[in-house]
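Colleague: For reference, the structure I am asking about is given below.
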Amino acid sequence: MKLIFTLNGEERSCTIEPDEKLLTTLRNLGTTSPKKGCGEGACGSCAVLLNGTLVNSCITFAATCSGAHVTTVEGLGHPNDPHPIQEEFVKAGAVQCGFCTPGMIMATKALLDSNPDPDRSQIMSALDGNRCRCTGYVKIFEAVGNAAKRLSTSKGDGGKP
Amino acid sequence: MGRIQSILRPETIAEAVQLLRQGNGRAAVLAGGTSLAVRSPANVDTLVDISALGLHGVAGFDGGLSIKARTPLAHVAASAAAQQFLDGVIPTACNRVASTPLRNMITFGGNLFQPLPWSDLPALMLALNADFVVTQEQTRTISADTLYAPGARSIVKPGDILTEVRIPAPPPDSRAVFHKVSRTGFDYATLDVAVAATMAGSTIAACRVVLGCVRTLPIRVAAAEEELIGKSPSPQLFASAAAKAAGSIEPAHDFRFSQEYRRHLIKVWVRRALHETFGTSEAIR
């Protein structure tokens, strides 16, 4: 069946299987930042924004995304022009193997879009669906806090959409 | 994989009902999809997506609360109407379900109407005496007591769509609490405890004590309710009601938790939940 949706601001048209999950569709389109971790919605490495809301793309039926707006890390920044959230993850040392990072970044984006000045417990709650199996969350939470500070003090320039 | 042949998105309830009936047992309602996406029943090849039927929103009615079935848990938790109802016990429970992305997907109706053994909300809705509004050719209302009675799943017919959950207005001086006991914040519940009670002066006029996730369906603990009703709240009363709850239930056991351990948890957490319900001072974690 045919699926038309907006991916990172660009209209995309593709053919999907009826029971295909959004994660598969995205990766088939070359958008490989969302990762398949657990495949059942528990780990968050596939998390993307669907119409601005954080969801696990591995358990989202692609067929239900007709006309939807999907945002992945590719829609936030590029290696030469990273998003402030991405930069703060690098600066804080919040990335080890990197497999969970795209989901962490998208969860952070969802949080800061709705709450620009989260406290630590709000950060922990917003990232409660994202698993890091390398080490822990101290540096990750620190990066989110730093990104929040930076985005709220640099409205209009460093803060991208 | 590969069993689902089509996903349909009707725009009216009548159309959705018709599609489900045409499916002749092979069509299922797709709401949040978190369960169906991982494991769809072997006989299902058609999913009927109910996201375009307008079944979204939370509103008060005559002192009660109406929650449309397709509302994601995150929206219920953020709703002002839900937060004002019984000190926000429903948002408290919603926020204990799974994780942020899953709460954005899991719907209020899905968690209640297709309950899995680890679904958290059925226990609270049974304690709050909720009604389930179900539409097919005609609209009918099923009480939580009926829906969750053992062996009562046949009350749900193919083609039925849950449209709304209605929690009746609590009498004056009512309160309710919900606790999920789990090893980590994200883990499935080892035990859910929901208590709803109404005071008449200094005595307990009505009380529902419900356990979730100890069997396949939530259980009202009659032994504990009978112990409490008509008496004045006291630590001794709570301890004896909790002991009766633990003694009257055969909790499921599995490779994670023994029956003895679950029974111990029931005794401890029912007691704590009663302290919290009636405002006495035993600390709750």
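Residues in the structure tokens are numbered from 1 in each chain, the chains being A, B, ... in the order shown, and ligands are numbered from 1 in the order shown.
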Counting only C-alpha atoms, collect the residues of chain A whose closest atom lies at most 7 Å from chain B, and write them out as number ranges by chain.
Modeller: A: 18-19, 40, 54-56, 59-61, 63, 126, 128-129
Colleague: For region 195-207 of chain B, please output as a PyMOL selection string all residues within 6 Å (counting only C-alpha atoms; exclusion window: fewer than 3 positions along the same chain).
Modeller: chain B and resi 127+173-177+225+229-232
Colleague: Just to be explicit: take each residue in the selection above, keep N, CA and C atoms, and write the result as a compact mmCIF listing (two decimals), in the first residue's frame.
Modeller:
```txt
# COMPACT_ATOMS: atom_id res chain seq x y z
N ALA B 127 -12.33 0.02 41.33
CA ALA B 127 -12.51 0.69 42.63
C ALA B 127 -13.44 1.90 42.50
N ASP B 173 -17.41 13.60 50.71
CA ASP B 173 -16.41 13.00 51.61
C ASP B 173 -15.92 11.64 51.10
N SER B 174 -15.63 11.60 49.82
CA SER B 174 -15.04 10.39 49.23
C SER B 174 -13.58 10.64 48.92
N ARG B 175 -12.81 9.60 48.89
CA ARG B 175 -11.41 9.71 48.50
C ARG B 175 -10.97 8.40 47.84
N ALA B 176 -9.87 8.47 47.11
CA ALA B 176 -9.38 7.26 46.43
C ALA B 176 -7.86 7.34 46.31
N VAL B 177 -7.23 6.19 46.38
CA VAL B 177 -5.78 6.13 46.17
C VAL B 177 -5.45 4.97 45.24
N GLU B 225 -13.21 -5.33 52.40
CA GLU B 225 -14.26 -4.31 52.36
C GLU B 225 -15.23 -4.50 53.53
N ILE B 229 -16.16 -1.53 56.38
CA ILE B 229 -17.41 -0.76 56.29
C ILE B 229 -18.14 -0.74 57.64
N GLY B 230 -18.56 0.48 58.00
CA GLY B 230 -19.31 0.65 59.26
C GLY B 230 -18.42 0.89 60.46
N LYS B 231 -17.10 0.90 60.25
CA LYS B 231 -16.19 1.10 61.38
C LYS B 231 -15.45 2.43 61.24
N SER B 232 -14.80 2.82 62.33
CA SER B 232 -14.00 4.03 62.30
C SER B 232 -12.57 3.67 61.90
```
Colleague: Ala241 (chain B): which residues within 12 Å, counting only C-alpha atoms, same-chain residues fewer than 4 positions away excluded, as an MDAnalysis selection string?
Modeller: chainID B and resid 207:209 221:229 231 233:237 245:248 266:275
Colleague: CA of Leu111 (chain A) and CA of Leu151 (chain A) are how many Å apart?
Modeller: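 Interatomic distance here is 12.2 Å.
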Colleague: Can you tell me which residues surround region 66-78 of chain A at a distance of at most 7 Å, considering only C-alpha atoms, apart from same-chain residues fewer than 3 positions away, and format the answer as a list in words?
Modeller: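 After dropping sequence-adjacent residues, the list is Leu3, Ile4, Phe5, Thr6, Leu7, Asn8, Ser33, Val48, Leu49, Leu50, Asn51, Ala63, Asp81, Pro82, His83, Pro102 and Met106 of chain A.
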Colleague: List every residue of region 31-139 of chain A that DSSP, applied to the backbone, labels as alpha helix (DSSP H), and write the result as an mmCIF file with N, CA and C atoms, in the first residue's frame.
Modeller:
```
data_model
loop_
_atom_site.group_PDB
_atom_site.id
_atom_site.type_symbol
_atom_site.label_atom_id
_atom_site.label_comp_id
_atom_site.auth_asym_id
_atom_site.auth_seq_id
_atom_site.Cartn_x
_atom_site.Cartn_y
_atom_site.Cartn_z
ATOM 1 N N PRO A 84 21.690 22.350 19.030
ATOM 2 C CA PRO A 84 22.252 22.539 20.371
ATOM 3 C C PRO A 84 22.108 21.316 21.277
ATOM 4 N N ILE A 85 21.009 20.577 21.161
ATOM 5 C CA ILE A 85 20.865 19.372 21.993
ATOM 6 C C ILE A 85 21.972 18.372 21.640
ATOM 7 N N GLN A 86 22.218 18.200 20.350
ATOM 8 C CA GLN A 86 23.278 17.271 19.927
ATOM 9 C C GLN A 86 24.642 17.727 20.457
ATOM 10 N N GLU A 87 24.893 19.033 20.340
ATOM 11 C CA GLU A 87 26.189 19.558 20.818
ATOM 12 C C GLU A 87 26.369 19.345 22.309
ATOM 13 N N GLU A 88 25.287 19.558 23.058
ATOM 14 C CA GLU A 88 25.407 19.415 24.514
ATOM 15 C C GLU A 88 25.608 17.948 24.901
ATOM 16 N N PHE A 89 25.034 17.026 24.149
ATOM 17 C CA PHE A 89 25.286 15.602 24.415
ATOM 18 C C PHE A 89 26.773 15.287 24.197
ATOM 19 N N VAL A 90 27.344 15.848 23.137
ATOM 20 C CA VAL A 90 28.764 15.600 22.858
ATOM 21 C C VAL A 90 29.625 16.219 23.953
ATOM 22 N N LYS A 91 29.328 17.477 24.292
ATOM 23 C CA LYS A 91 30.149 18.201 25.276
ATOM 24 C C LYS A 91 30.124 17.536 26.640
ATOM 25 N N ALA A 92 28.947 17.027 27.023
ATOM 26 C CA ALA A 92 28.817 16.443 28.368
ATOM 27 C C ALA A 92 29.376 15.021 28.424
ATOM 28 N N THR A 101 21.434 7.043 21.605
ATOM 29 C CA THR A 101 21.494 8.501 21.554
ATOM 30 C C THR A 101 20.395 9.157 20.712
ATOM 31 N N PRO A 102 20.099 8.646 19.508
ATOM 32 C CA PRO A 102 19.031 9.309 18.729
ATOM 33 C C PRO A 102 17.705 9.358 19.484
ATOM 34 N N GLY A 103 17.363 8.266 20.178
ATOM 35 C CA GLY A 103 16.126 8.260 20.961
ATOM 36 C C GLY A 103 16.194 9.237 22.122
ATOM 37 N N MET A 104 17.367 9.290 22.765
ATOM 38 C CA MET A 104 17.558 10.237 23.874
ATOM 39 C C MET A 104 17.391 11.680 23.377
ATOM 40 N N ILE A 105 17.971 11.948 22.219
ATOM 41 C CA ILE A 105 17.909 13.307 21.650
ATOM 42 C C ILE A 105 16.457 13.682 21.351
ATOM 43 N N MET A 106 15.713 12.738 20.768
ATOM 44 C CA MET A 106 14.316 13.047 20.420
ATOM 45 C C MET A 106 13.466 13.200 21.680
ATOM 46 N N ALA A 107 13.749 12.391 22.707
ATOM 47 C CA ALA A 107 13.010 12.545 23.965
ATOM 48 C C ALA A 107 13.313 13.908 24.586
ATOM 49 N N THR A 108 14.571 14.338 24.458
ATOM 50 C CA THR A 108 14.962 15.656 24.974
ATOM 51 C C THR A 108 14.251 16.769 24.200
ATOM 52 N N LYS A 109 14.206 16.589 22.882
ATOM 53 C CA LYS A 109 13.520 17.596 22.050
ATOM 54 C C LYS A 109 12.043 17.701 22.446
ATOM 55 N N ALA A 110 11.399 16.536 22.640
ATOM 56 C CA ALA A 110 9.983 16.546 23.027
ATOM 57 C C ALA A 110 9.801 17.246 24.368
ATOM 58 N N LEU A 111 10.713 16.970 25.306
ATOM 59 C CA LEU A 111 10.626 17.610 26.624
ATOM 60 C C LEU A 111 10.772 19.120 26.510
ATOM 61 N N LEU A 112 11.856 19.566 25.828
ATOM 62 C CA LEU A 112 12.149 21.005 25.817
ATOM 63 C C LEU A 112 11.141 21.791 24.978
ATOM 64 N N ASP A 113 10.497 21.128 24.028
ATOM 65 C CA ASP A 113 9.428 21.804 23.269
ATOM 66 C C ASP A 113 8.259 22.167 24.181
ATOM 67 N N SER A 114 7.990 21.289 25.165
ATOM 68 C CA SER A 114 6.817 21.550 26.017
ATOM 69 C C SER A 114 7.209 22.185 27.333
ATOM 70 N N ARG A 120 15.303 18.388 37.514
ATOM 71 C CA ARG A 120 15.907 17.074 37.298
ATOM 72 C C ARG A 120 14.860 15.957 37.257
ATOM 73 N N SER A 121 13.856 16.054 38.114
ATOM 74 C CA SER A 121 12.879 14.968 38.122
ATOM 75 C C SER A 121 12.053 14.984 36.835
ATOM 76 N N GLN A 122 11.810 16.166 36.301
ATOM 77 C CA GLN A 122 11.089 16.235 35.023
ATOM 78 C C GLN A 122 11.939 15.676 33.878
ATOM 79 N N ILE A 123 13.248 15.917 33.958
ATOM 80 C CA ILE A 123 14.149 15.344 32.942
ATOM 81 C C ILE A 123 14.135 13.818 33.040
ATOM 82 N N MET A 124 14.231 13.312 34.277
ATOM 83 C CA MET A 124 14.241 11.857 34.452
ATOM 84 C C MET A 124 12.941 11.254 33.945
ATOM 85 N N SER A 125 11.841 11.915 34.232
ATOM 86 C CA SER A 125 10.544 11.393 33.811
ATOM 87 C C SER A 125 10.409 11.412 32.286
ATOM 88 N N ALA A 126 10.889 12.494 31.667
ATOM 89 C CA ALA A 126 10.751 12.613 30.210
ATOM 90 C C ALA A 126 11.592 11.575 29.467
ATOM 91 N N VAL A 138 23.775 9.759 34.287
ATOM 92 C CA VAL A 138 24.213 11.015 34.906
ATOM 93 C C VAL A 138 24.586 12.046 33.847
ATOM 94 N N LYS A 139 25.433 11.627 32.912
ATOM 95 C CA LYS A 139 25.898 12.573 31.885
ATOM 96 C C LYS A 139 24.772 12.939 30.914
#
```
Colleague: Can you list every residue in region 39-264 of chain B that DSSP puts in strand (DSSP E), as a PyMOL selection string?
Modeller: chain B and resi 46-49+58-61+64-68+131-135+139-143+161-167+174-181+191-200+203-212+219-220
Colleague: Take CA of Ser66 (chain B) and CA of Leu147 (chain B) and report the distance between them in Å, one decimal.
Modeller: 17.6 Å
Colleague: Do you have the CA of Thr184 (chain B)-CA of Cys100 (chain A) distance handy?
Modeller: 19.5 Å
